[in-house]
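**Q** One file: my_file-v3.tsv (TSV, C-alpha atoms).
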chain	number	residue	atom	x	y	z
A	1	MET	CA	-9.24	5.23	-19.95
A	2	THR	CA	-8.02	8.80	-20.46
A	3	VAL	CA	-4.27	9.23	-20.54
A	4	ALA	CA	-2.84	12.48	-19.17
A	5	GLY	CA	-0.14	14.44	-20.95
A	6	LEU	CA	3.22	15.51	-19.54
A	7	VAL	CA	5.54	17.98	-21.28
A	8	LEU	CA	9.11	18.19	-20.01
A	9	ALA	CA	10.22	21.74	-20.87
A	10	ALA	CA	12.64	22.79	-18.14
A	11	GLY	CA	15.99	22.72	-19.98
A	12	GLU	CA	18.09	25.83	-20.49
A	13	GLY	CA	19.18	24.90	-24.05
A	14	ARG	CA	22.81	25.77	-23.30
A	15	ARG	CA	24.04	24.65	-26.73
A	16	LEU	CA	21.13	26.39	-28.44
A	17	GLY	CA	21.62	29.66	-26.63
A	18	THR	CA	17.98	29.82	-25.46
A	19	PRO	CA	15.69	27.71	-23.29
A	20	LYS	CA	14.09	25.11	-25.55
A	21	ALA	CA	10.59	26.05	-24.42
A	22	LEU	CA	11.12	29.53	-25.93
A	23	LEU	CA	12.44	28.32	-29.28
A	24	ARG	CA	10.13	29.11	-32.19
A	25	VAL	CA	9.58	26.64	-35.01
A	26	ASP	CA	7.20	27.67	-37.79
A	27	GLY	CA	6.16	30.67	-35.71
A	28	GLN	CA	5.16	28.61	-32.68
A	29	LEU	CA	7.00	28.13	-29.40
A	30	LEU	CA	8.09	24.53	-28.89
A	31	VAL	CA	6.28	24.40	-25.56
A	32	GLU	CA	3.04	25.56	-27.20
A	33	ARG	CA	3.49	22.97	-29.93
A	34	ALA	CA	4.04	20.17	-27.42
A	35	VAL	CA	0.96	21.10	-25.36
A	36	ALA	CA	-1.16	21.31	-28.52
A	37	THR	CA	0.13	17.90	-29.65
A	38	LEU	CA	-0.98	16.24	-26.42
A	39	ARG	CA	-4.33	18.02	-26.38
A	40	LEU	CA	-5.09	17.04	-29.98
A	41	ALA	CA	-4.12	13.46	-29.11
A	42	GLY	CA	-6.88	13.49	-26.48
A	43	CYS	CA	-4.65	13.62	-23.40
A	44	ALA	CA	-6.11	15.27	-20.30
A	45	PRO	CA	-5.09	16.89	-18.10
A	46	VAL	CA	-1.86	18.23	-19.58
A	47	VAL	CA	0.95	19.14	-17.17
A	48	VAL	CA	3.94	21.24	-18.26
A	49	VAL	CA	7.17	21.19	-16.26
A	50	LEU	CA	9.15	24.43	-16.54
A	51	GLY	CA	12.54	25.30	-15.11
A	52	ALA	CA	15.00	27.59	-16.88
A	53	ALA	CA	13.41	31.01	-17.53
A	54	ALA	CA	10.15	29.65	-16.08
A	55	THR	CA	8.70	33.10	-15.44
A	56	GLU	CA	9.38	34.23	-19.00
A	57	VAL	CA	7.99	31.02	-20.49
A	58	ALA	CA	4.81	31.23	-18.40
A	59	ARG	CA	4.36	34.87	-19.40
A	60	THR	CA	5.12	34.38	-23.10
A	61	ALA	CA	3.63	31.01	-24.01
A	62	GLU	CA	-0.06	30.43	-24.63
A	63	LEU	CA	-0.68	27.23	-22.69
A	64	GLY	CA	-4.43	27.47	-22.15
A	65	ASP	CA	-5.67	25.20	-19.38
A	66	ALA	CA	-2.43	23.25	-19.04
A	67	VAL	CA	-1.25	22.81	-15.46
A	68	VAL	CA	2.14	24.49	-15.10
A	69	VAL	CA	4.58	23.31	-12.43
A	70	VAL	CA	8.14	24.53	-11.87
A	71	ASN	CA	11.05	22.20	-11.19
A	72	GLU	CA	13.34	24.23	-8.95
A	73	GLY	CA	16.04	21.60	-9.45
A	74	TRP	CA	15.90	21.75	-13.25
A	75	SER	CA	19.66	22.26	-13.53
A	76	THR	CA	20.27	18.73	-12.22
A	77	GLY	CA	18.81	17.26	-15.41
A	78	MET	CA	15.70	15.74	-16.94
A	79	GLY	CA	15.28	13.15	-14.20
A	80	SER	CA	14.14	15.70	-11.65
A	81	SER	CA	11.70	17.23	-14.15
A	82	LEU	CA	10.13	13.84	-14.83
A	83	CYS	CA	9.73	13.29	-11.08
A	84	THR	CA	8.19	16.76	-10.67
A	85	GLY	CA	5.70	16.09	-13.46
A	86	LEU	CA	4.71	12.60	-12.32
A	87	THR	CA	4.25	13.86	-8.77
A	88	ALA	CA	1.91	16.58	-10.05
A	89	LEU	CA	-0.06	14.04	-12.08
A	90	GLY	CA	-0.28	11.80	-9.04
A	91	ASP	CA	-1.87	14.65	-7.12
A	92	LEU	CA	-4.34	14.99	-10.00
A	93	ARG	CA	-5.07	11.25	-9.77
A	94	ALA	CA	-4.10	10.53	-13.37
A	95	SER	CA	-4.00	6.84	-14.29
A	96	ALA	CA	-1.33	7.07	-17.01
A	97	ALA	CA	0.81	9.71	-18.70
A	98	ALA	CA	2.08	10.30	-22.22
A	99	VAL	CA	5.49	11.89	-21.66
A	100	LEU	CA	6.63	14.27	-24.39
A	101	LEU	CA	9.98	16.08	-24.56
A	102	VAL	CA	9.59	19.70	-25.61
A	103	ASP	CA	12.41	19.54	-28.16
A	104	GLN	CA	10.90	16.87	-30.47
A	105	PRO	CA	8.73	18.84	-32.92
A	106	GLN	CA	8.42	15.92	-35.34
A	107	VAL	CA	6.22	14.09	-32.86
A	108	GLY	CA	2.61	14.92	-33.71
A	109	PRO	CA	-0.85	14.10	-32.37
A	110	GLU	CA	-1.31	11.01	-34.54
A	111	LEU	CA	1.87	9.47	-33.16
A	112	VAL	CA	0.81	10.09	-29.57
A	113	ARG	CA	-2.68	8.73	-30.32
A	114	ARG	CA	-1.12	5.53	-31.65
A	115	LEU	CA	0.81	5.03	-28.41
A	116	VAL	CA	-2.21	5.82	-26.25
A	117	ALA	CA	-4.28	3.29	-28.22
A	118	HIS	CA	-1.88	0.56	-27.09
A	119	HIS	CA	-2.22	1.43	-23.42
A	120	SER	CA	-4.73	-0.57	-21.43
A	121	ASP	CA	-5.13	-2.25	-18.05
A	122	GLY	CA	-2.11	-4.36	-17.30
A	123	VAL	CA	0.22	-2.52	-19.71
A	124	ALA	CA	3.04	-0.89	-17.75
A	125	ALA	CA	4.56	1.20	-20.53
A	126	VAL	CA	4.23	1.90	-24.24
A	127	SER	CA	7.12	3.37	-26.19
A	128	ALA	CA	7.54	4.67	-29.71
A	129	SER	CA	10.15	2.91	-31.79
A	130	TYR	CA	12.00	4.03	-34.90
A	131	ASP	CA	14.06	1.57	-36.95
A	132	GLY	CA	13.21	-0.97	-34.26
A	133	ARG	CA	14.83	1.07	-31.48
A	134	ARG	CA	12.96	2.27	-28.42
A	135	ARG	CA	12.69	6.05	-28.29
A	136	ASN	CA	10.44	8.86	-27.06
A	137	PRO	CA	7.65	9.55	-26.43
A	138	VAL	CA	6.44	6.99	-23.92
A	139	VAL	CA	3.20	6.27	-22.09
A	140	LEU	CA	3.71	5.26	-18.47
A	141	ASP	CA	1.00	3.64	-16.39
A	142	ALA	CA	0.60	5.15	-12.92
A	143	SER	CA	1.39	1.74	-11.40
A	144	VAL	CA	5.05	2.13	-12.42
A	145	TRP	CA	5.60	5.80	-11.61
A	146	ALA	CA	7.18	5.11	-8.22
A	147	GLY	CA	9.69	2.75	-9.82
A	148	VAL	CA	10.42	5.19	-12.63
A	149	MET	CA	10.99	8.05	-10.19
A	150	ALA	CA	13.27	5.91	-8.02
A	151	THR	CA	15.63	5.41	-10.97
A	152	ALA	CA	15.36	8.87	-12.58
A	153	GLU	CA	18.37	11.05	-11.88
A	154	GLY	CA	20.62	13.47	-13.69
A	155	ASP	CA	19.84	13.42	-17.40
A	156	ILE	CA	18.23	10.00	-17.15
A	157	GLY	CA	14.45	10.08	-17.14
A	158	ALA	CA	12.54	6.83	-17.55
A	159	ARG	CA	15.31	5.13	-19.51
A	160	ARG	CA	16.84	3.12	-16.66
A	161	TRP	CA	13.46	1.74	-15.60
A	162	LEU	CA	12.54	0.93	-19.20
A	163	ASP	CA	15.89	-0.82	-19.73
A	164	THR	CA	15.44	-3.06	-16.69
A	165	HIS	CA	11.77	-3.81	-17.37
A	166	SER	CA	11.89	-4.30	-21.13
A	167	GLU	CA	9.50	-7.28	-20.92
A	168	GLU	CA	6.82	-4.90	-19.62
A	169	VAL	CA	7.27	-2.33	-22.40
A	170	VAL	CA	5.12	-2.47	-25.54
A	171	LEU	CA	7.07	-1.12	-28.52
A	172	VAL	CA	5.01	0.60	-31.22
A	173	ALA	CA	6.59	1.35	-34.60
A	174	CYS	CA	6.14	5.02	-35.48
A	175	ASP	CA	8.51	5.47	-38.43
A	176	ASP	CA	5.61	6.41	-40.69
A	177	LEU	CA	4.36	9.19	-38.42
A	178	GLY	CA	7.42	11.08	-37.21
A	179	SER	CA	10.92	10.82	-35.83
A	180	ASP	CA	12.83	11.18	-32.58
A	181	LEU	CA	14.86	14.15	-33.88
A	182	ASP	CA	15.51	16.44	-30.94
A	183	ILE	CA	16.69	20.03	-31.08
A	184	ASP	CA	19.88	20.35	-29.03
A	185	THR	CA	22.02	22.56	-31.27
A	186	PRO	CA	21.60	25.18	-34.02
A	187	ARG	CA	22.63	22.46	-36.47
A	188	ASP	CA	19.70	20.29	-35.35
A	189	LEU	CA	17.39	23.22	-36.03
A	190	GLU	CA	18.88	23.64	-39.51
A	191	ARG	CA	18.34	19.95	-40.11
A	192	LEU	CA	14.70	20.25	-39.11
A	193	THR	CA	14.19	23.22	-41.42
A	194	HIS	CA	15.92	21.39	-44.26
A	195	ASP	CA	13.76	18.29	-43.77
A	196	ALA	CA	10.60	20.41	-43.76
A	197	THR	CA	11.64	22.22	-46.96
A	198	LYS	CA	12.53	18.94	-48.62
A	199	GLY	CA	9.19	17.43	-47.58
A	200	SER	CA	7.22	20.30	-49.10
A	201	ALA	CA	9.16	20.36	-52.36
Write the structure described by the file as structure tokens, please.
**A**
Amino acid sequence: MTVAGLVLAAGEGRRLGTPKALLRVDGQLLVERAVATLRLAGCAPVVVVLGAAATEVARTAELGDAVVVVNEGWSTGMGSSLCTGLTALGDLRASAAAVLLVDQPQVGPELVRRLVAHHSDGVAAVSASYDGRRRNPVVLDASVWAGVMATAEGDIGARRWLDTHSEEVVLVACDDLGSDLDIDTPRDLERLTHDATKGSA
């Protein structure tokens, strides 16, 4: 069963001073990195949800054959972007989706592949865990998308549905493959750079 990929990249990055999709890390835009991660993990098709500066992102980023959709209500929060993306994947008849946030560059293809490997018939959701705590990314089976969308609002994506259906969520430890570090502020970016320098020393 092929799992589709979904990149949520609509945020304006208010605290960063630039839309997250347009932030460069190691010479690559975060949105390009996220799309490449899902492709290399074997996800197809890959849908990218844009919002803030959507025209500039679409013009600047090299997204190949990714399906780009724009969430006109991006300013209301991540919930509307998740709904926009899942709706697009529903139209494409995808059976499951690996949902990746654009601002988590320490999530790589191997980590996504590990989550996808745990998805099968009858599994509602698979989530990465770090230090035993449920975190992103997640794989959501199409059978639960309606429920997820019904509870996604504001800055809450799938979290409310995952919280209330924890018995249906398979947790997969991913501490050895990455982290859930997200880039919200310039300090987070400095931390990422510091970790990368320390790792290569």
**Q** Per residue of region 150-184 of chain A within 8 Å of region 77-92 of chain A, note the shortest atom pair and the distance in Å to one decimal, counting all atoms listed in the file, and order the rows by chain and increasing residue number, as CSV.
**A**
residue,atom,partner,partner_atom,distance
A:Ala152,CA,A:Gly79,CA,4.6
A:Glu153,CA,A:Gly79,CA,4.4
A:Gly154,CA,A:Gly77,CA,4.5
A:Asp155,CA,A:Gly77,CA,4.4
A:Ile156,CA,A:Gly79,CA,5.2
A:Gly157,CA,A:Gly79,CA,4.3
A:Ala158,CA,A:Gly79,CA,7.7
**Q** Limited to C-alpha atoms, could you put the picked residues into a file as a compact mmCIF listing (two decimals), in the coordinates of the input?
**A**
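And here is the file that came out, result_14.txt:
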# COMPACT_ATOMS: atom_id res chain seq x y z
CA ALA A 152 15.36 8.87 -12.58
CA GLU A 153 18.37 11.05 -11.88
CA GLY A 154 20.62 13.47 -13.69
CA ASP A 155 19.84 13.42 -17.40
CA ILE A 156 18.23 10.00 -17.15
CA GLY A 157 14.45 10.08 -17.14
CA ALA A 158 12.54 6.83 -17.55
**Q** For Pro137 (chain A), which residue among A:Gly27, A:Gly51, A:Gly73, A:Gly5 is the nearest when counting all atoms listed in the file?
**A**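 Among the listed residues, the smallest separation from Pro137 (chain A) belongs to A:Gly5.
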**Q** Would you pick out the contacts of Arg134 (chain A) at 9 Å or less, using only C-alpha atoms, so that residues sharing its chain but fewer than 4 positions from it are not included, and give the list as number ranges by chain?
**A** A: 127-130, 171-173
**Q** What gap, in Å, lies between CA of Val25 (chain A) and CA of Asp184 (chain A)?
**A** 13.5 Å
**Q** At what distance in Å, to one decimal, does CA of Ser143 (chain A) lie from CA of Val3 (chain A)?
**A** 13.1 Å
**Q** So, with all atoms listed in the file as the atoms that count, which of A:Thr60, A:Thr151, A:Ser166, A:Ser179 lies closest to Gln28 (chain A)?
**A**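 Closest candidate: A:Thr60.
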**Q** Within 9 Å of (-3.0, 21.0, -24.9) (coordinates as in the file), grab all the protein and nucleic acid residues, counting all atoms listed in the file, and write them out as JSON, numbers by chain.
**A** {"A": [5, 32, 33, 34, 35, 36, 37, 38, 39, 40, 41, 42, 43, 44, 45, 46, 47, 63, 64, 65, 66]}
**Q** What's the 8 Å shell around Val116 (chain A), counting all atoms listed in the file, without same-chain residues fewer than 2 positions away, as a ChimeraX atom specification?
**A** /A:3,98,112-114,118-119,126,139
**Q** Please report the interatomic distance between CA of Trp145 (chain A) and CA of Thr2 (chain A) in Å with one decimal.
**A**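 For CA of Trp145 (chain A) relative to CA of Thr2 (chain A), the distance reads 16.5 Å.
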**Q** Applying 9 Å and only C-alpha atoms, which residues near Ala10 (chain A) remain after dropping the ones on its own chain fewer than 2 positions away? List them as a PyMOL selection string.
**A** chain A and resi 8+12+19-21+48-54+70-71+74-75+77-78+81+102
**Q** Around all listed atoms of region 70-74 of chain A, padded 3 Å per side, what centre and edge lengths does the axis-aligned box have in Å to one decimal, as JSON?
**A**
{"center_x": 12.1, "center_y": 23.1, "center_z": -11.1, "size_x": 13.9, "size_y": 8.9, "size_z": 10.3}
**Q** From the list A:Val57, A:Val67, A:Leu100, A:Leu22, which residue is nearest Val138 (chain A) when using only C-alpha atoms?
**A** A:Leu100
**Q** Counting all atoms listed in the file, which of A:Leu29, A:Arg160, A:Arg187, A:Gly17 gets nearest to Pro105 (chain A)?
**A**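 Between A:Leu29, A:Arg160, A:Arg187, A:Gly17, the residue approaching Pro105 (chain A) most closely is A:Leu29.
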**Q** Please list as a list in words every residue within 10 Å of Val144 (chain A), counting only C-alpha atoms and excluding residues in the same chain fewer than 6 positions away.
**A**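 Contacts, with the query itself left out: Ala96, Val123, Ala124, Ala125 and Trp161 of chain A.
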